[in-house]
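Chemist: data-v9.csv is reproduced in full below (CSV, C-alpha atoms and all ligand atoms).
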```
chain,number,residue,atom,x,y,z
A,1,MET,CA,-22.5,-0.2,5.7
A,2,ALA,CA,-23.6,-3.6,4.6
A,3,ALA,CA,-21.4,-5.3,7.2
A,4,ALA,CA,-23.3,-3.7,10.0
A,5,ALA,CA,-26.4,-5.8,9.3
A,6,GLY,CA,-26.5,-9.4,10.5
A,7,GLU,CA,-23.8,-11.1,12.6
A,8,PRO,CA,-20.5,-9.4,13.1
A,9,LYS,CA,-17.6,-10.9,11.1
A,10,LYS,CA,-15.3,-13.0,13.3
A,11,ILE,CA,-11.7,-11.9,13.1
A,12,ILE,CA,-8.4,-13.1,14.5
A,13,ILE,CA,-5.7,-10.4,14.6
A,14,ASP,CA,-2.2,-11.7,14.0
A,15,THR,CA,-0.1,-8.9,15.5
A,16,ASP,CA,3.3,-7.7,16.5
A,17,PRO,CA,2.3,-4.7,18.8
A,18,GLY,CA,3.6,-2.1,17.9
A,19,ILE,CA,2.1,1.4,18.1
A,20,ASP,CA,0.0,1.2,14.9
A,21,ASP,CA,-1.0,-2.4,15.9
A,22,ALA,CA,-2.3,-1.0,19.2
A,23,MET,CA,-4.4,1.5,17.2
A,24,ALA,CA,-5.7,-1.2,14.9
A,25,ILE,CA,-6.6,-3.5,17.8
A,26,PHE,CA,-8.5,-0.7,19.6
A,27,VAL,CA,-10.3,0.3,16.4
A,28,ALA,CA,-11.4,-3.4,16.0
A,29,LEU,CA,-12.6,-3.6,19.6
A,30,ARG,CA,-14.7,-0.5,19.0
A,31,SER,CA,-16.2,-1.7,15.7
A,32,PRO,CA,-19.6,-3.4,15.9
A,33,GLU,CA,-19.1,-4.9,12.4
A,34,VAL,CA,-16.5,-7.3,13.8
A,35,GLU,CA,-16.1,-9.7,16.7
A,36,VAL,CA,-12.4,-10.2,17.7
A,37,ILE,CA,-12.2,-13.9,18.6
A,38,GLY,CA,-8.5,-14.0,19.3
A,39,LEU,CA,-5.1,-12.4,19.0
A,40,THR,CA,-2.1,-14.4,17.7
A,41,THR,CA,1.4,-12.9,18.1
A,42,ILE,CA,4.4,-12.7,15.9
A,43,TYR,CA,7.8,-10.9,15.8
A,44,GLY,CA,8.2,-7.8,13.7
A,45,ASN,CA,8.0,-4.6,15.5
A,46,VAL,CA,9.2,-6.5,18.6
A,47,TYR,CA,10.3,-10.1,19.3
A,48,THR,CA,7.5,-12.6,19.7
A,49,THR,CA,7.8,-12.8,23.5
A,50,LEU,CA,7.3,-9.1,23.8
A,51,ALA,CA,4.5,-9.1,21.2
A,52,THR,CA,2.6,-11.6,23.4
A,53,ARG,CA,3.2,-9.5,26.5
A,54,ASN,CA,2.0,-6.4,24.7
A,55,ALA,CA,-1.1,-8.1,23.2
A,56,LEU,CA,-2.1,-9.2,26.7
A,57,HIS,CA,-1.4,-5.7,28.1
A,58,LEU,CA,-3.5,-4.1,25.3
A,59,LEU,CA,-6.5,-6.4,26.1
A,60,GLU,CA,-6.2,-5.5,29.8
A,61,VAL,CA,-6.2,-1.7,28.9
A,62,ALA,CA,-9.4,-2.4,26.8
A,63,ASP,CA,-11.0,-4.5,29.6
A,64,ARG,CA,-11.2,-7.4,27.1
A,65,THR,CA,-9.3,-10.2,28.8
A,66,ASP,CA,-12.1,-12.5,27.6
A,67,ILE,CA,-10.2,-12.5,24.3
A,68,PRO,CA,-7.6,-15.3,24.1
A,69,VAL,CA,-4.0,-14.6,23.1
A,70,ALA,CA,-2.0,-17.4,21.4
A,71,GLU,CA,1.7,-17.0,21.0
A,72,GLY,CA,3.2,-17.4,17.6
A,73,SER,CA,6.5,-18.4,16.1
A,74,HIS,CA,9.8,-17.1,17.4
A,75,VAL,CA,11.6,-18.0,14.1
A,76,THR,CA,11.0,-17.6,10.4
A,77,PHE,CA,9.2,-20.2,8.3
A,78,THR,CA,12.7,-21.6,7.3
A,79,LYS,CA,13.6,-21.7,11.0
A,80,GLY,CA,15.8,-18.5,10.7
A,81,LYS,CA,16.7,-17.1,14.0
A,82,LYS,CA,18.0,-13.8,12.7
A,83,ILE,CA,15.0,-11.6,13.4
A,84,ARG,CA,15.0,-7.9,12.6
A,85,VAL,CA,12.8,-5.8,14.9
A,86,ALA,CA,11.8,-2.2,14.5
A,87,ASP,CA,12.5,-0.8,18.0
A,88,PHE,CA,13.6,2.4,16.3
A,89,VAL,CA,10.0,2.9,15.1
A,90,HIS,CA,8.1,1.8,18.1
A,91,GLY,CA,10.5,2.1,21.1
A,92,ALA,CA,12.4,-0.7,22.9
A,93,ASP,CA,9.1,-1.9,24.5
A,94,GLY,CA,7.2,-1.7,21.2
A,95,LEU,CA,4.7,0.7,22.9
A,96,GLY,CA,6.5,4.1,22.9
A,97,ASN,CA,8.9,3.4,25.9
A,98,GLN,CA,6.2,3.9,28.5
A,99,ASN,CA,7.3,1.1,30.9
A,100,PHE,CA,3.9,-0.3,31.4
A,101,PRO,CA,3.6,-2.9,34.2
A,102,PRO,CA,3.6,-6.5,33.0
A,103,PRO,CA,0.2,-7.9,32.2
A,104,GLU,CA,-1.5,-10.2,34.6
A,105,GLY,CA,-2.9,-12.6,32.0
A,106,LYS,CA,-1.2,-15.4,30.2
A,107,PRO,CA,-1.4,-16.7,26.6
A,108,ILE,CA,-3.5,-19.8,26.1
A,109,ASP,CA,-1.8,-23.2,26.1
A,110,MET,CA,-1.9,-23.5,22.3
A,111,SER,CA,0.3,-22.1,19.5
A,112,ALA,CA,-0.9,-19.4,17.2
A,113,THR,CA,-0.7,-21.9,14.3
A,114,ASP,CA,-2.9,-24.4,16.2
A,115,PHE,CA,-5.4,-21.7,17.2
A,116,LEU,CA,-5.7,-20.5,13.6
A,117,VAL,CA,-6.3,-24.0,12.3
A,118,GLU,CA,-8.7,-24.8,15.1
A,119,GLN,CA,-10.8,-21.6,14.6
A,120,ALA,CA,-10.9,-22.0,10.8
A,121,ASN,CA,-12.2,-25.6,11.2
A,122,LEU,CA,-14.7,-24.5,13.9
A,123,TYR,CA,-16.2,-21.8,11.7
A,124,PRO,CA,-15.5,-22.8,8.1
A,125,GLY,CA,-15.5,-19.8,5.7
A,126,LYS,CA,-16.5,-17.4,8.6
A,127,VAL,CA,-13.2,-16.3,10.1
A,128,THR,CA,-11.1,-13.4,8.7
A,129,VAL,CA,-7.4,-13.2,9.7
A,130,VAL,CA,-6.2,-9.7,9.8
A,131,ALA,CA,-2.4,-10.1,9.6
A,132,LEU,CA,-0.4,-7.1,10.8
A,133,GLY,CA,3.1,-8.6,11.0
A,134,PRO,CA,5.3,-11.1,9.1
A,135,LEU,CA,3.2,-14.0,7.8
A,136,THR,CA,5.0,-16.9,9.5
A,137,ASN,CA,2.0,-18.1,11.6
A,138,ILE,CA,-0.3,-18.1,8.6
A,139,ALA,CA,2.2,-20.0,6.4
A,140,LEU,CA,2.6,-22.5,9.2
A,141,ALA,CA,-1.2,-22.9,9.4
A,142,ILE,CA,-1.3,-23.5,5.7
A,143,GLN,CA,1.5,-26.1,6.0
A,144,LYS,CA,0.0,-27.8,9.0
A,145,ASP,CA,-3.6,-28.2,7.6
A,146,PRO,CA,-4.1,-28.3,3.8
A,147,SER,CA,-7.8,-27.5,4.3
A,148,PHE,CA,-6.9,-24.2,6.1
A,149,VAL,CA,-6.9,-22.2,2.8
A,150,LYS,CA,-10.4,-23.4,2.1
A,151,ASN,CA,-11.7,-23.1,5.7
A,152,ILE,CA,-10.3,-19.6,6.4
A,153,GLY,CA,-12.8,-16.9,5.2
A,154,GLN,CA,-10.3,-14.3,4.2
A,155,ILE,CA,-6.7,-13.2,5.0
A,156,VAL,CA,-6.4,-9.4,5.0
A,157,LEU,CA,-2.8,-8.6,5.3
A,158,LEU,CA,-0.8,-5.4,5.8
A,159,GLY,CA,2.2,-6.0,3.7
A,160,GLY,CA,4.0,-5.4,0.4
A,161,ALA,CA,5.0,-2.3,-1.5
A,162,PHE,CA,3.3,-2.7,-4.9
A,163,ALA,CA,5.1,-0.7,-7.6
A,164,VAL,CA,6.5,1.7,-4.9
A,165,ASN,CA,9.6,1.7,-2.8
A,166,GLY,CA,9.7,-0.3,0.4
A,167,ASN,CA,10.2,1.0,4.0
A,168,VAL,CA,13.0,-1.3,5.1
A,169,ASN,CA,15.0,-0.6,1.9
A,170,PRO,CA,13.9,0.5,-1.6
A,171,ALA,CA,12.8,-3.0,-2.4
A,172,ALA,CA,11.0,-4.3,0.6
A,173,GLU,CA,8.2,-3.5,3.0
A,174,ALA,CA,8.9,-4.5,6.7
A,175,ASN,CA,6.3,-7.3,7.1
A,176,ILE,CA,7.2,-9.1,3.9
A,177,PHE,CA,10.9,-8.6,4.6
A,178,GLY,CA,10.4,-10.2,8.0
A,179,ASP,CA,9.6,-13.6,6.4
A,180,PRO,CA,9.6,-13.5,2.6
A,181,ASP,CA,9.3,-17.3,2.3
A,182,ALA,CA,6.1,-17.3,4.4
A,183,ALA,CA,4.7,-14.4,2.4
A,184,ASP,CA,5.2,-16.3,-0.9
A,185,ILE,CA,3.5,-19.3,0.6
A,186,VAL,CA,0.5,-17.2,1.6
A,187,PHE,CA,0.2,-15.4,-1.7
A,188,THR,CA,0.4,-18.6,-3.8
A,189,SER,CA,-1.8,-20.7,-1.4
A,190,GLY,CA,-5.1,-20.2,-3.2
A,191,ALA,CA,-6.7,-18.6,-0.1
A,192,ASP,CA,-8.8,-15.5,-0.4
A,193,VAL,CA,-6.1,-12.9,0.2
A,194,LEU,CA,-6.4,-9.1,0.3
A,195,ALA,CA,-3.0,-7.4,0.5
A,196,VAL,CA,-3.0,-3.8,1.7
A,197,GLY,CA,0.5,-2.5,1.0
A,198,ILE,CA,2.4,0.7,1.8
A,199,ASN,CA,1.5,2.0,-1.7
A,200,VAL,CA,-2.0,2.4,0.0
A,201,THR,CA,-1.2,3.0,3.7
A,202,HIS,CA,1.2,5.8,2.9
A,203,GLN,CA,-1.8,7.8,1.8
A,204,VAL,CA,-3.4,7.6,5.2
A,205,ILE,CA,-1.6,10.1,7.5
A,206,LEU,CA,-2.5,11.1,11.0
A,207,THR,CA,-1.2,14.7,11.2
A,208,ASP,CA,-0.1,16.7,14.2
A,209,SER,CA,-3.4,18.5,14.1
A,210,ASP,CA,-5.3,15.2,14.1
A,211,ARG,CA,-3.2,14.3,17.1
A,212,GLU,CA,-4.6,17.4,18.8
A,213,THR,CA,-8.1,16.3,17.9
A,214,LEU,CA,-7.4,13.0,19.5
A,215,ALA,CA,-6.1,14.8,22.6
A,216,SER,CA,-9.4,16.6,22.9
A,217,SER,CA,-11.1,13.3,23.8
A,218,ASN,CA,-11.3,12.0,27.3
A,219,GLY,CA,-11.8,8.5,26.0
A,220,LYS,CA,-9.5,5.9,27.4
A,221,PHE,CA,-8.2,4.7,24.1
A,222,ALA,CA,-7.4,8.2,22.8
A,223,GLN,CA,-5.6,9.1,26.1
A,224,TYR,CA,-3.6,5.9,26.1
A,225,LEU,CA,-2.6,6.3,22.4
A,226,LEU,CA,-1.5,9.9,22.9
A,227,LYS,CA,1.2,8.6,25.3
A,228,ILE,CA,2.6,5.9,23.0
A,229,LEU,CA,2.3,8.0,19.8
A,230,GLU,CA,5.1,10.3,20.7
A,231,VAL,CA,7.9,7.9,19.7
A,232,TYR,CA,6.0,7.0,16.4
A,233,PHE,CA,5.8,10.7,15.5
A,234,ASN,CA,9.5,11.3,16.3
A,235,TYR,CA,10.5,8.4,14.0
A,236,HIS,CA,8.3,9.8,11.1
A,237,HIS,CA,9.6,13.3,11.5
A,238,ASP,CA,13.2,11.9,11.2
A,239,ALA,CA,12.6,9.4,8.4
A,240,TYR,CA,10.1,11.1,6.2
A,241,SER,CA,9.2,14.6,5.1
A,242,THR,CA,5.5,13.8,5.8
A,243,LYS,CA,3.7,15.9,8.4
A,244,GLY,CA,2.4,13.1,10.5
A,245,VAL,CA,2.5,9.3,10.8
A,246,TYR,CA,1.3,6.6,8.5
A,247,LEU,CA,-1.7,4.6,9.7
A,248,HIS,CA,-0.5,1.2,8.3
A,249,ASP,CA,-2.3,-1.3,10.6
A,250,PRO,CA,-5.5,0.7,11.2
A,251,THR,CA,-5.9,1.0,7.4
A,252,ALA,CA,-5.6,-2.7,6.9
A,253,MET,CA,-8.0,-3.3,9.8
A,254,LEU,CA,-10.6,-0.9,8.3
A,255,ALA,CA,-10.2,-2.6,4.9
A,256,ALA,CA,-11.2,-5.8,6.6
A,257,ILE,CA,-14.0,-4.2,8.5
A,258,ASN,CA,-15.4,-2.2,5.5
A,259,PRO,CA,-14.0,-3.3,2.1
A,260,SER,CA,-15.7,-0.4,0.4
A,261,LEU,CA,-13.0,1.9,1.8
A,262,ILE,CA,-10.5,0.5,-0.8
A,263,THR,CA,-10.4,-0.6,-4.4
A,264,TYR,CA,-8.3,-3.5,-5.5
A,265,VAL,CA,-7.0,-5.3,-8.6
A,266,GLU,CA,-6.5,-9.0,-8.9
A,267,GLY,CA,-3.5,-11.0,-10.1
A,268,ALA,CA,-0.8,-13.4,-9.0
A,269,VAL,CA,1.7,-12.1,-6.4
A,270,ARG,CA,5.2,-13.6,-5.9
A,271,VAL,CA,7.8,-12.6,-3.4
A,272,GLN,CA,11.5,-12.4,-4.0
A,273,THR,CA,13.2,-14.5,-1.3
A,274,ASN,CA,16.8,-13.7,-1.7
A,275,GLY,CA,19.4,-11.2,-3.0
A,276,ILE,CA,19.3,-7.4,-2.9
A,277,THR,CA,15.5,-7.4,-3.7
A,278,ARG,CA,14.7,-9.9,-0.9
A,279,GLY,CA,11.1,-9.1,0.2
A,280,LEU,CA,10.1,-7.4,-3.0
A,281,THR,CA,6.4,-8.1,-3.9
A,282,LEU,CA,5.5,-8.3,-7.6
A,283,LEU,CA,2.0,-8.4,-9.0
A,284,TYR,CA,1.4,-10.1,-12.3
A,285,ASN,CA,-1.9,-8.7,-13.7
A,286,LYS,CA,-2.5,-11.7,-16.0
A,287,GLN,CA,-3.0,-9.3,-19.0
A,288,LYS,CA,-0.4,-11.2,-21.1
A,289,ARG,CA,-0.6,-14.9,-21.8
A,290,PHE,CA,3.1,-15.9,-21.6
A,291,ALA,CA,4.0,-18.8,-23.8
A,292,GLU,CA,6.7,-20.1,-21.5
A,293,ILE,CA,5.8,-22.1,-18.4
A,294,THR,CA,7.4,-20.3,-15.4
A,295,GLU,CA,7.0,-19.9,-11.6
A,296,TRP,CA,4.3,-17.4,-12.5
A,297,SER,CA,2.1,-19.8,-14.6
A,298,ASP,CA,-1.1,-21.0,-13.1
A,299,GLN,CA,-0.7,-19.1,-9.8
A,300,PRO,CA,-3.9,-18.3,-8.1
A,301,SER,CA,-5.1,-14.7,-8.0
A,302,VAL,CA,-5.1,-12.5,-4.9
A,303,LYS,CA,-6.5,-9.1,-4.3
A,304,VAL,CA,-4.1,-6.1,-4.1
A,305,ALA,CA,-5.4,-2.8,-2.8
A,306,VAL,CA,-4.7,0.1,-5.1
A,307,THR,CA,-6.7,3.0,-3.8
A,308,VAL,CA,-8.1,4.1,-0.4
A,309,ASP,CA,-10.6,6.6,0.7
A,310,ALA,CA,-8.0,8.2,3.1
A,311,PRO,CA,-10.3,10.9,4.6
A,312,ALA,CA,-12.9,8.3,5.4
A,313,VAL,CA,-10.4,5.9,7.0
A,314,LEU,CA,-8.9,8.8,9.1
A,315,LYS,CA,-12.4,9.9,10.2
A,316,LEU,CA,-13.4,6.3,11.2
A,317,VAL,CA,-10.1,5.9,13.1
A,318,LEU,CA,-10.6,9.1,15.1
A,319,GLU,CA,-14.3,8.5,15.7
A,320,ARG,CA,-13.8,5.0,17.1
A,321,LEU,CA,-10.7,5.9,19.2
A,322,MET,CA,-12.4,9.0,20.6
A,323,GLU,CA,-15.6,7.4,21.8
A,401,LIG,O1,11.5,1.7,8.6
A,401,LIG,C1,10.8,0.7,9.0
A,401,LIG,N1,11.4,-0.4,9.4
A,401,LIG,C2,10.6,-1.5,9.9
A,401,LIG,N2,9.3,-1.4,10.2
A,401,LIG,C3,8.7,-0.2,9.8
A,401,LIG,C4,9.4,0.9,9.3
A,401,LIG,N3,8.5,1.8,9.1
A,401,LIG,C5,7.3,1.4,9.5
A,401,LIG,N4,7.5,0.2,10.0
A,401,LIG,C6,6.4,-0.7,10.5
A,401,LIG,O2,6.2,-1.8,9.6
A,401,LIG,C7,4.8,-1.9,9.3
A,401,LIG,C8,4.6,-1.3,7.9
A,401,LIG,O3,5.5,-1.8,7.0
A,401,LIG,C9,4.1,-1.1,10.3
A,401,LIG,O4,3.8,-2.0,11.5
A,401,LIG,C10,5.1,-0.1,10.7
A,401,LIG,O5,4.9,0.4,12.0
```
Show this structure as structure tokens.

Modeler:
Amino acid sequence: MAAAAGEPKKIIIDTDPGIDDAMAIFVALRSPEVEVIGLTTIYGNVYTTLATRNALHLLEVADRTDIPVAEGSHVTFTKGKKIRVADFVHGADGLGNQNFPPPEGKPIDMSATDFLVEQANLYPGKVTVVALGPLTNIALAIQKDPSFVKNIGQIVLLGGAFAVNGNVNPAAEANIFGDPDAADIVFTSGADVLAVGINVTHQVILTDSDRETLASSNGKFAQYLLKILEVYFNYHHDAYSTKGVYLHDPTAMLAAINPSLITYVEGAVRVQTNGITRGLTLLYNKQKRFAEITEWSDQPSVKVAVTVDAPAVLKLVLERLME
């Protein structure tokens, strides 16, 4: 609980809401250890325009329209326009096909990239980016401002499938697959990066009985999430033999909020950017000193989560959403 003392950690949530994004955003808003200073949007679970609309909507649900939303990129780092969205996971509206009314608010008149660069410069070393979608906006910030990697405190990202199968295909996890070029830039940038991959988040499952626990709360977040979770549960019942849903984004969020919930190893991570293993993340643990100079030599180390206290994460998610 060290984080509870002193000033809350400033976080920017880069997000593609998304049902598990909605949970993660609400968990963050209910966490005294952090202060959410902005949301930036990206494609992934939905297209960027809808991600922005959903981000504004979620802040209105939470009565937190004081938090700015900056719209992110509509194309990949290499300007690719062929975006794959996961409407079969989250519903066509990204939020469980609930047909919520459009938000009243508007995004700020600044791109996600410019907002990230601005905030990192304003509070050097003090801002954590919690990246819950493809890493395009973060890679663009790194490209735009070479001092971004030094000024940003930490980048905690939900992405990768380290030594396990992916969820888009056996090689790739969805967020890395969404923009592998951007991911490789982030991993090799030298920034303080913590990657929470599906090797870890697949251990954190909200079961049907946990959903009933959530239903016993009259809290507004619990009641809202129960509505949108239906579609997410249906997808998991079809796609996996797990009895519940994976809490990808809330786990990454809680790893940022309370690092003691996970353990990690350090090494260089590279991303395959083409071919049948496009989106594959590979960790080099630096145990062997290879004689040959390659694309792996002298790459900076990042942190890759390897274990998680799943019961503690689940307990915190439920506690904070049921308040
Ligand atoms: O099969 C899938 N395809 C695309 N996205 C998925 C799939 N399963 C889950 N997610 C979404 O991708 C992120 C974690 O990789 C999460 O946002 C999750 O909701």

Chemist: Counting only C-alpha atoms, figure out which residue out of A:Val302, A:Ile262, A:Ala252, A:Leu157 gets nearest to Ser189 (chain A).

Modeler: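 Under the stated criterion, the closest residue is A:Val302.
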
Chemist: Taking 3 positions as the minimum chain separation for residues in the same chain, which residues sit within 12 Å of Leu59 (chain A) when counting only C-alpha atoms? Answer as a compact mmCIF listing (two decimals) with C-alpha atoms, keeping the file's coordinate frame.

Modeler:
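Heads up, here's the output in selection-v8.txt:
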```txt
# COMPACT_ATOMS: atom_id res chain seq x y z
CA PRO A 17 2.30 -4.70 18.80
CA ALA A 22 -2.30 -1.00 19.20
CA ILE A 25 -6.60 -3.50 17.80
CA PHE A 26 -8.50 -0.70 19.60
CA ALA A 28 -11.40 -3.40 16.00
CA LEU A 29 -12.60 -3.60 19.60
CA VAL A 36 -12.40 -10.20 17.70
CA GLY A 38 -8.50 -14.00 19.30
CA LEU A 39 -5.10 -12.40 19.00
CA THR A 52 2.60 -11.60 23.40
CA ARG A 53 3.20 -9.50 26.50
CA ASN A 54 2.00 -6.40 24.70
CA ALA A 55 -1.10 -8.10 23.20
CA LEU A 56 -2.10 -9.20 26.70
CA ALA A 62 -9.40 -2.40 26.80
CA ASP A 63 -11.00 -4.50 29.60
CA ARG A 64 -11.20 -7.40 27.10
CA THR A 65 -9.30 -10.20 28.80
CA ASP A 66 -12.10 -12.50 27.60
CA ILE A 67 -10.20 -12.50 24.30
CA PRO A 68 -7.60 -15.30 24.10
CA VAL A 69 -4.00 -14.60 23.10
CA PRO A 103 0.20 -7.90 32.20
CA GLU A 104 -1.50 -10.20 34.60
CA GLY A 105 -2.90 -12.60 32.00
CA LYS A 106 -1.20 -15.40 30.20
CA PRO A 107 -1.40 -16.70 26.60
CA PHE A 221 -8.20 4.70 24.10
```

Chemist: Would you mind listing the residues within 7 Å of ligand LIG 401 (chain A), counting all atoms listed in the file, as number ranges by chain?

Modeler: A: 18-21, 45, 85-86, 89, 132-133, 159, 167-168, 173-175, 198, 248-249

Chemist: Using C-alpha atoms, can you export the residues from the last selection as a short mmCIF file (atom, residue, chain, number, x, y, z; two decimals), in the coordinates of the input?

Modeler:
```
data_model
loop_
_atom_site.label_atom_id
_atom_site.label_comp_id
_atom_site.auth_asym_id
_atom_site.auth_seq_id
_atom_site.Cartn_x
_atom_site.Cartn_y
_atom_site.Cartn_z
CA GLY A 18 3.60 -2.10 17.90
CA ILE A 19 2.10 1.40 18.10
CA ASP A 20 0.00 1.20 14.90
CA ASP A 21 -1.00 -2.40 15.90
CA ASN A 45 8.00 -4.60 15.50
CA VAL A 85 12.80 -5.80 14.90
CA ALA A 86 11.80 -2.20 14.50
CA VAL A 89 10.00 2.90 15.10
CA LEU A 132 -0.40 -7.10 10.80
CA GLY A 133 3.10 -8.60 11.00
CA GLY A 159 2.20 -6.00 3.70
CA ASN A 167 10.20 1.00 4.00
CA VAL A 168 13.00 -1.30 5.10
CA GLU A 173 8.20 -3.50 3.00
CA ALA A 174 8.90 -4.50 6.70
CA ASN A 175 6.30 -7.30 7.10
CA ILE A 198 2.40 0.70 1.80
CA HIS A 248 -0.50 1.20 8.30
CA ASP A 249 -2.30 -1.30 10.60
#
```

Chemist: Using all atoms listed in the file, which residue out of A:Arg211, A:Thr242, A:His202, A:Val317 lies closest to Leu229 (chain A)?

Modeler: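 For Leu229 (chain A), the nearest of the given residues is A:Arg211.
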
Chemist: Of the residues A:Leu58, A:Ile37, A:Pro32, A:Thr48, which is the one nearest to Tyr224 (chain A), using only C-alpha atoms?

Modeler: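 Looking only at the distances to Tyr224 (chain A), the closest residue turns out to be A:Leu58.
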
Chemist: So how far away is CA of Glu33 (chain A) from CA of Pro124 (chain A), in Å?

Modeler: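 Those two atoms sit 18.8 Å apart.
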